[in-house]
Every structure is written in structure tokens, then in C-alpha cells.
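Chemist: Right, I'll just put the structure down here and ask away after.
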Amino acid sequence: MSVLDGRTALVTGAASGIGAACARALAERGAHVTVADLDADGAETVAREIDGEPWVVDLSDVSGFEDLQLETDILVNNAGVQHVSPIEDFPPERFRFILALMVEAPFLLIRAALPHMYGQKFGRIINISSVHGLRASEYKSGYVTAKHGLEGLSKVTALEGGPHNVTSNCVDPGYVRTPLVSKQIADQARRHGVPEDKVVEEILLKESAIKRLVEPEEVGSLVSWLASPDAGMVTGASYTMDGGWSAR
């Protein structure tokens, strides 16, 4: 018997990258996973692979989630985007979009999931944050602000959920080998005026003690453990997976 047999999970941004790795890891441990993403083809492909179900959804359209009710035992808030720009050039509409997708949508999904979790006296909320939820970098005001907000939301959820056996935690990876990071390499090369082949070592991993990208499967492994019964006393925490960046 797998540790998550009989449990249901919802993973956002699960058509690729970290989200897909989390969906696979939870399914491997027995959970029935809903794969939520704006990318219909990607969501359906991952769902088919893990015998789950796709949910094609635009999570930035937050007005549609105010009356949502979710009957899921495990919620993984992962969907996110990046935009690299100095503050004075940062488009205000892009800043608002990032906050809606990466703070308001997780709030609304948590709000929708808690009644079911409270009713059954079990729930796992896992928020994919970032080392940028704990540290800042230039040119990422939207992303850094959103991840810091997600950290606070996660801790408040932990305090409110504790009496109901509902845990809430953040996973804080450094740079992960995903399409989002691949795009950043080009953006950072242009912004800092260095060749792309120098960006990973000299910019992205400058503060890391371990000089490699995080693999999505490593994040998925930690997420599946946080969802398991073994993590019942882990709540309100931020688990860094940043190669030592935040040790500085």
C-alpha cells in the first residue's frame, strides 16, 4: 500500500517543469492527481501519463474562484511566471498579473480547499515558493514580492489549520531546470551584458555553494514527503533547496 492511497491532490502549473514533477511524485505514492494548467495539451498529456485528470484553467482570472469549492486532500500551489525588468521600466499591468497569479490565486484555492480539509481533519497545503521568497535579486520586483507574499500566506494558513490537522509549508528551491529558467538565462544575459553560457555560473548560481541547477524531480520528492503522514508535525516551515544560497 502506498502512503497516499485514497488521497486526492491538485497541482497547479502542472503541465511541465516543477508542477509536472510534483504531479508524478504524488501519483507514484498513490494519490489521484488533478493536473491544473492553462496549457490544455500539456495538462492532458501529464494527466494521461499518471492516470489523473486535467483541469484547463486560467488562474490569473481570479474573479472566477471566489465561490469555488474544492474537495482535495492535498493542494500544491505551483503556477507562476517571471518578468525581468528594472522597477522604473516594470509594466504595472505585469506586476498586477504576477501578484494575481502567484498570491491571490493561491489564497483563493486555499480558501476553497480548507472547508473540506477541516471537515475530514486532514489536509496538506504545499506552496512552491523560491529562494526569492527569502532573498531578493535585482530586476525581479514582481516575482520577489509575490514569493514573499506567498511565504506569509503559508504561515498564516499553518496557524489557522493546525487545530484541524491541516499543514501548510513552502518549498524554496533555487534555480530549477525548467522552461521558466531557460527563458531567464536569455533575459539575464541581455540585462547584465554577458554571454548566455556565463549566466548560469556567474549570475544564477553565484550565491550557491553547489554549482548546479535543481532538478524538478528533487522538488517533487520533497513535496511528496510533505504530503505524507510522516510530515504531520511539519507546518509553517520554509524548506530551502537552494544549494546553500540562503546560508549566506
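Residues are referred to by chain and number: the chain letter is A, B, ... according to the order shown in the C-alpha cells, the number counts from 1 in that chain, and ligands are numbered separately from 1 in the order shown.
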Which polymer residues have any atom within 10 Å of an atom of Val181 of chain A, counting only C-alpha atoms, with same-chain residues fewer than 4 positions away left out, as a PyMOL selection string?
Modeler: chain A and resi 17+81-82+175-177+185-187+200+204+213
Chemist: Going by DSSP on the backbone, which bits of segment 16-209 of chain A are alpha helix (DSSP H)? Write them as number ranges by chain, please.
Modeler: A: 17-28, 40-50, 92-99, 105-120, 141-161, 179-192, 196-199
Chemist: Those residues with C-alpha atoms, as an mmCIF file, in the first residue's frame please?
Modeler:
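Now in part_37.cif:
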data_model
loop_
_atom_site.group_PDB
_atom_site.id
_atom_site.type_symbol
_atom_site.label_atom_id
_atom_site.label_comp_id
_atom_site.auth_asym_id
_atom_site.auth_seq_id
_atom_site.Cartn_x
_atom_site.Cartn_y
_atom_site.Cartn_z
ATOM 1 C CA GLY A 17 8.543 21.672 -15.044
ATOM 2 C CA ILE A 18 8.200 21.580 -11.269
ATOM 3 C CA GLY A 19 4.427 21.104 -11.370
ATOM 4 C CA ALA A 20 4.625 18.047 -13.615
ATOM 5 C CA ALA A 21 7.343 16.560 -11.390
ATOM 6 C CA CYS A 22 5.155 17.126 -8.304
ATOM 7 C CA ALA A 23 2.141 15.555 -10.011
ATOM 8 C CA ARG A 24 4.184 12.491 -10.963
ATOM 9 C CA ALA A 25 5.684 12.126 -7.482
ATOM 10 C CA LEU A 26 2.294 12.334 -5.765
ATOM 11 C CA ALA A 27 0.767 9.862 -8.228
ATOM 12 C CA GLU A 28 3.641 7.421 -7.704
ATOM 13 C CA ALA A 40 -4.520 22.222 -22.330
ATOM 14 C CA ASP A 41 -2.337 19.824 -24.317
ATOM 15 C CA GLY A 42 0.322 19.699 -21.620
ATOM 16 C CA ALA A 43 -2.191 19.164 -18.815
ATOM 17 C CA GLU A 44 -3.917 16.364 -20.720
ATOM 18 C CA THR A 45 -0.589 14.689 -21.522
ATOM 19 C CA VAL A 46 0.594 14.671 -17.908
ATOM 20 C CA ALA A 47 -2.836 13.612 -16.612
ATOM 21 C CA ARG A 48 -2.953 10.720 -19.053
ATOM 22 C CA GLU A 49 0.553 9.641 -18.055
ATOM 23 C CA ILE A 50 -0.283 9.455 -14.329
ATOM 24 C CA PRO A 92 2.333 47.961 -13.878
ATOM 25 C CA GLU A 93 -0.119 45.578 -15.553
ATOM 26 C CA ARG A 94 2.534 42.833 -15.496
ATOM 27 C CA PHE A 95 3.176 43.452 -11.795
ATOM 28 C CA ARG A 96 -0.542 43.119 -11.061
ATOM 29 C CA PHE A 97 -0.754 39.960 -13.196
ATOM 30 C CA ILE A 98 2.090 38.321 -11.264
ATOM 31 C CA LEU A 99 0.505 39.122 -7.902
ATOM 32 C CA ALA A 105 -4.941 32.637 -6.797
ATOM 33 C CA PRO A 106 -3.192 30.539 -4.093
ATOM 34 C CA PHE A 107 -5.217 32.402 -1.439
ATOM 35 C CA LEU A 108 -8.467 31.639 -3.235
ATOM 36 C CA LEU A 109 -7.567 27.973 -3.807
ATOM 37 C CA ILE A 110 -6.580 27.561 -0.148
ATOM 38 C CA ARG A 111 -9.824 29.277 0.856
ATOM 39 C CA ALA A 112 -11.756 26.873 -1.374
ATOM 40 C CA ALA A 113 -9.970 23.775 -0.061
ATOM 41 C CA LEU A 114 -9.949 24.398 3.689
ATOM 42 C CA PRO A 115 -13.613 23.541 4.478
ATOM 43 C CA HIS A 116 -13.174 20.016 3.061
ATOM 44 C CA MET A 117 -9.814 19.597 4.793
ATOM 45 C CA TYR A 118 -11.205 20.853 8.108
ATOM 46 C CA GLY A 119 -14.215 18.568 7.794
ATOM 47 C CA GLN A 120 -12.096 15.448 7.443
ATOM 48 C CA SER A 141 10.336 43.045 -8.210
ATOM 49 C CA GLY A 142 7.111 41.293 -9.210
ATOM 50 C CA TYR A 143 8.364 37.753 -8.615
ATOM 51 C CA VAL A 144 10.194 38.554 -5.358
ATOM 52 C CA THR A 145 7.196 40.464 -3.998
ATOM 53 C CA ALA A 146 4.833 37.616 -4.888
ATOM 54 C CA LYS A 147 7.012 34.917 -3.338
ATOM 55 C CA HIS A 148 7.445 36.917 -0.122
ATOM 56 C CA GLY A 149 3.656 37.272 -0.008
ATOM 57 C CA LEU A 150 3.180 33.545 -0.549
ATOM 58 C CA GLU A 151 5.501 32.824 2.388
ATOM 59 C CA GLY A 152 3.312 34.949 4.655
ATOM 60 C CA LEU A 153 0.104 33.388 3.388
ATOM 61 C CA SER A 154 1.524 29.926 4.017
ATOM 62 C CA LYS A 155 2.422 30.728 7.621
ATOM 63 C CA VAL A 156 -0.985 32.209 8.430
ATOM 64 C CA THR A 157 -2.602 29.109 6.896
ATOM 65 C CA ALA A 158 -0.405 26.917 9.094
ATOM 66 C CA LEU A 159 -1.537 28.718 12.246
ATOM 67 C CA GLU A 160 -5.217 28.560 11.341
ATOM 68 C CA GLY A 161 -5.045 25.000 10.012
ATOM 69 C CA PRO A 179 11.427 26.241 -19.256
ATOM 70 C CA LEU A 180 10.936 29.281 -16.965
ATOM 71 C CA VAL A 181 14.625 29.301 -16.050
ATOM 72 C CA SER A 182 15.728 28.672 -19.627
ATOM 73 C CA LYS A 183 13.926 31.871 -20.643
ATOM 74 C CA GLN A 184 15.545 33.744 -17.758
ATOM 75 C CA ILE A 185 19.017 32.821 -18.995
ATOM 76 C CA ALA A 186 18.423 34.794 -22.185
ATOM 77 C CA ASP A 187 16.787 37.673 -20.275
ATOM 78 C CA GLN A 188 19.620 37.852 -17.745
ATOM 79 C CA ALA A 189 22.278 37.701 -20.470
ATOM 80 C CA ARG A 190 20.714 40.713 -22.138
ATOM 81 C CA ARG A 191 20.160 42.621 -18.897
ATOM 82 C CA HIS A 192 23.658 42.024 -17.474
ATOM 83 C CA GLU A 196 24.326 33.195 -22.140
ATOM 84 C CA ASP A 197 26.846 30.437 -21.372
ATOM 85 C CA LYS A 198 28.166 32.567 -18.480
ATOM 86 C CA VAL A 199 24.776 33.380 -16.973
#
Chemist: Give me the residues within 6 Å of segment 122-135 of chain A as a list in words, counting only C-alpha atoms and dropping any in the same chain fewer than 5 places off.
Modeler: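 Residues meeting the cut-off are Asp73, Ile74, Leu75, Val76, Asn77, Asn78, Met117, Val144, Lys147, His148, Asn165, Val166, Thr167, Ser168, Asn169, Cys170, Val171, Asp172, Pro173, Gly174 and Ala227 of chain A.
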Chemist: What does the distance between atom CA of Leu4 of chain A and atom CA of Val33 of chain A come to in Å, to one decimal place?
Modeler: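 Answer for the atom CA of Leu4 of chain A to atom CA of Val33 of chain A separation: 10.8 Å.
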Chemist: Could you tell me how far atom CA of Asp89 of chain A lies from atom CA of Glu138 of chain A, in Å and to one decimal?
Modeler: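 Computed distance, atom CA of Asp89 of chain A to atom CA of Glu138 of chain A, equals 12.7 Å.
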Chemist: In Å, with one decimal, what is the gap from atom CA of Gly244 of chain A to atom CA of Phe90 of chain A?
Modeler: 29.5 Å
Chemist: Enumerate the residues of segment 50-234 of chain A with a DSSP assignment of strand (DSSP E), computed from the backbone, and present them as a PyMOL selection string.
Modeler: chain A and resi 53-56+74-77+123-128+166-173
Chemist: Keeping only N, CA and C atoms, write those residues as a PDB file, in the first residue's frame.
Modeler:
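Output below, filename out.pdb:
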ATOM      1  N   GLU A  53      -6.440  13.538 -13.865  1.00  0.00           N
ATOM      2  CA  GLU A  53      -7.388  14.249 -14.706  1.00  0.00           C
ATOM      3  C   GLU A  53      -6.917  15.686 -14.909  1.00  0.00           C
ATOM      4  N   PRO A  54      -7.117  16.221 -16.113  1.00  0.00           N
ATOM      5  CA  PRO A  54      -6.695  17.592 -16.381  1.00  0.00           C
ATOM      6  C   PRO A  54      -7.744  18.599 -15.939  1.00  0.00           C
ATOM      7  N   TRP A  55      -7.279  19.771 -15.567  1.00  0.00           N
ATOM      8  CA  TRP A  55      -8.153  20.911 -15.324  1.00  0.00           C
ATOM      9  C   TRP A  55      -7.541  22.095 -16.066  1.00  0.00           C
ATOM     10  N   VAL A  56      -8.115  22.421 -17.204  1.00  0.00           N
ATOM     11  CA  VAL A  56      -7.603  23.528 -18.016  1.00  0.00           C
ATOM     12  C   VAL A  56      -8.189  24.814 -17.448  1.00  0.00           C
ATOM     13  N   ILE A  74      -4.843  17.339  -0.827  1.00  0.00           N
ATOM     14  CA  ILE A  74      -3.510  17.910  -0.974  1.00  0.00           C
ATOM     15  C   ILE A  74      -3.585  19.005  -2.041  1.00  0.00           C
ATOM     16  N   LEU A  75      -3.120  20.189  -1.714  1.00  0.00           N
ATOM     17  CA  LEU A  75      -3.106  21.301  -2.667  1.00  0.00           C
ATOM     18  C   LEU A  75      -1.673  21.778  -2.833  1.00  0.00           C
ATOM     19  N   VAL A  76      -1.201  21.762  -4.073  1.00  0.00           N
ATOM     20  CA  VAL A  76       0.144  22.249  -4.374  1.00  0.00           C
ATOM     21  C   VAL A  76       0.011  23.491  -5.244  1.00  0.00           C
ATOM     22  N   ASN A  77       0.318  24.649  -4.667  1.00  0.00           N
ATOM     23  CA  ASN A  77       0.269  25.917  -5.398  1.00  0.00           C
ATOM     24  C   ASN A  77       1.623  26.150  -6.058  1.00  0.00           C
ATOM     25  N   GLY A 123      -5.325  17.650   5.921  1.00  0.00           N
ATOM     26  CA  GLY A 123      -5.056  18.446   4.731  1.00  0.00           C
ATOM     27  C   GLY A 123      -3.591  18.790   4.632  1.00  0.00           C
ATOM     28  N   ARG A 124      -3.128  18.899   3.414  1.00  0.00           N
ATOM     29  CA  ARG A 124      -1.741  19.287   3.151  1.00  0.00           C
ATOM     30  C   ARG A 124      -1.747  20.399   2.103  1.00  0.00           C
ATOM     31  N   ILE A 125      -1.274  21.565   2.486  1.00  0.00           N
ATOM     32  CA  ILE A 125      -1.106  22.674   1.551  1.00  0.00           C
ATOM     33  C   ILE A 125       0.385  22.910   1.382  1.00  0.00           C
ATOM     34  N   ILE A 126       0.838  22.821   0.151  1.00  0.00           N
ATOM     35  CA  ILE A 126       2.266  22.937  -0.149  1.00  0.00           C
ATOM     36  C   ILE A 126       2.422  24.023  -1.201  1.00  0.00           C
ATOM     37  N   ASN A 127       3.117  25.072  -0.831  1.00  0.00           N
ATOM     38  CA  ASN A 127       3.282  26.231  -1.695  1.00  0.00           C
ATOM     39  C   ASN A 127       4.688  26.241  -2.278  1.00  0.00           C
ATOM     40  N   ILE A 128       4.788  26.180  -3.591  1.00  0.00           N
ATOM     41  CA  ILE A 128       6.095  26.227  -4.223  1.00  0.00           C
ATOM     42  C   ILE A 128       6.530  27.687  -4.272  1.00  0.00           C
ATOM     43  N   VAL A 166      -4.399  20.313   9.552  1.00  0.00           N
ATOM     44  CA  VAL A 166      -4.071  20.770   8.197  1.00  0.00           C
ATOM     45  C   VAL A 166      -2.728  21.490   8.269  1.00  0.00           C
ATOM     46  N   THR A 167      -1.766  21.043   7.500  1.00  0.00           N
ATOM     47  CA  THR A 167      -0.450  21.667   7.499  1.00  0.00           C
ATOM     48  C   THR A 167      -0.282  22.550   6.260  1.00  0.00           C
ATOM     49  N   SER A 168       0.600  23.522   6.389  1.00  0.00           N
ATOM     50  CA  SER A 168       0.903  24.417   5.274  1.00  0.00           C
ATOM     51  C   SER A 168       2.386  24.751   5.310  1.00  0.00           C
ATOM     52  N   ASN A 169       3.059  24.505   4.205  1.00  0.00           N
ATOM     53  CA  ASN A 169       4.500  24.723   4.134  1.00  0.00           C
ATOM     54  C   ASN A 169       4.890  25.280   2.773  1.00  0.00           C
ATOM     55  N   CYS A 170       6.074  25.886   2.736  1.00  0.00           N
ATOM     56  CA  CYS A 170       6.666  26.347   1.484  1.00  0.00           C
ATOM     57  C   CYS A 170       7.881  25.495   1.133  1.00  0.00           C
ATOM     58  N   VAL A 171       8.063  25.278  -0.144  1.00  0.00           N
ATOM     59  CA  VAL A 171       9.295  24.687  -0.673  1.00  0.00           C
ATOM     60  C   VAL A 171      10.002  25.795  -1.441  1.00  0.00           C
ATOM     61  N   ASP A 172      11.275  26.015  -1.101  1.00  0.00           N
ATOM     62  CA  ASP A 172      12.005  27.172  -1.614  1.00  0.00           C
ATOM     63  C   ASP A 172      13.236  26.739  -2.414  1.00  0.00           C
ATOM     64  N   PRO A 173      13.045  26.341  -3.661  1.00  0.00           N
ATOM     65  CA  PRO A 173      14.204  25.952  -4.472  1.00  0.00           C
ATOM     66  C   PRO A 173      14.958  27.165  -5.004  1.00  0.00           C
TER      67      PRO A 173
END
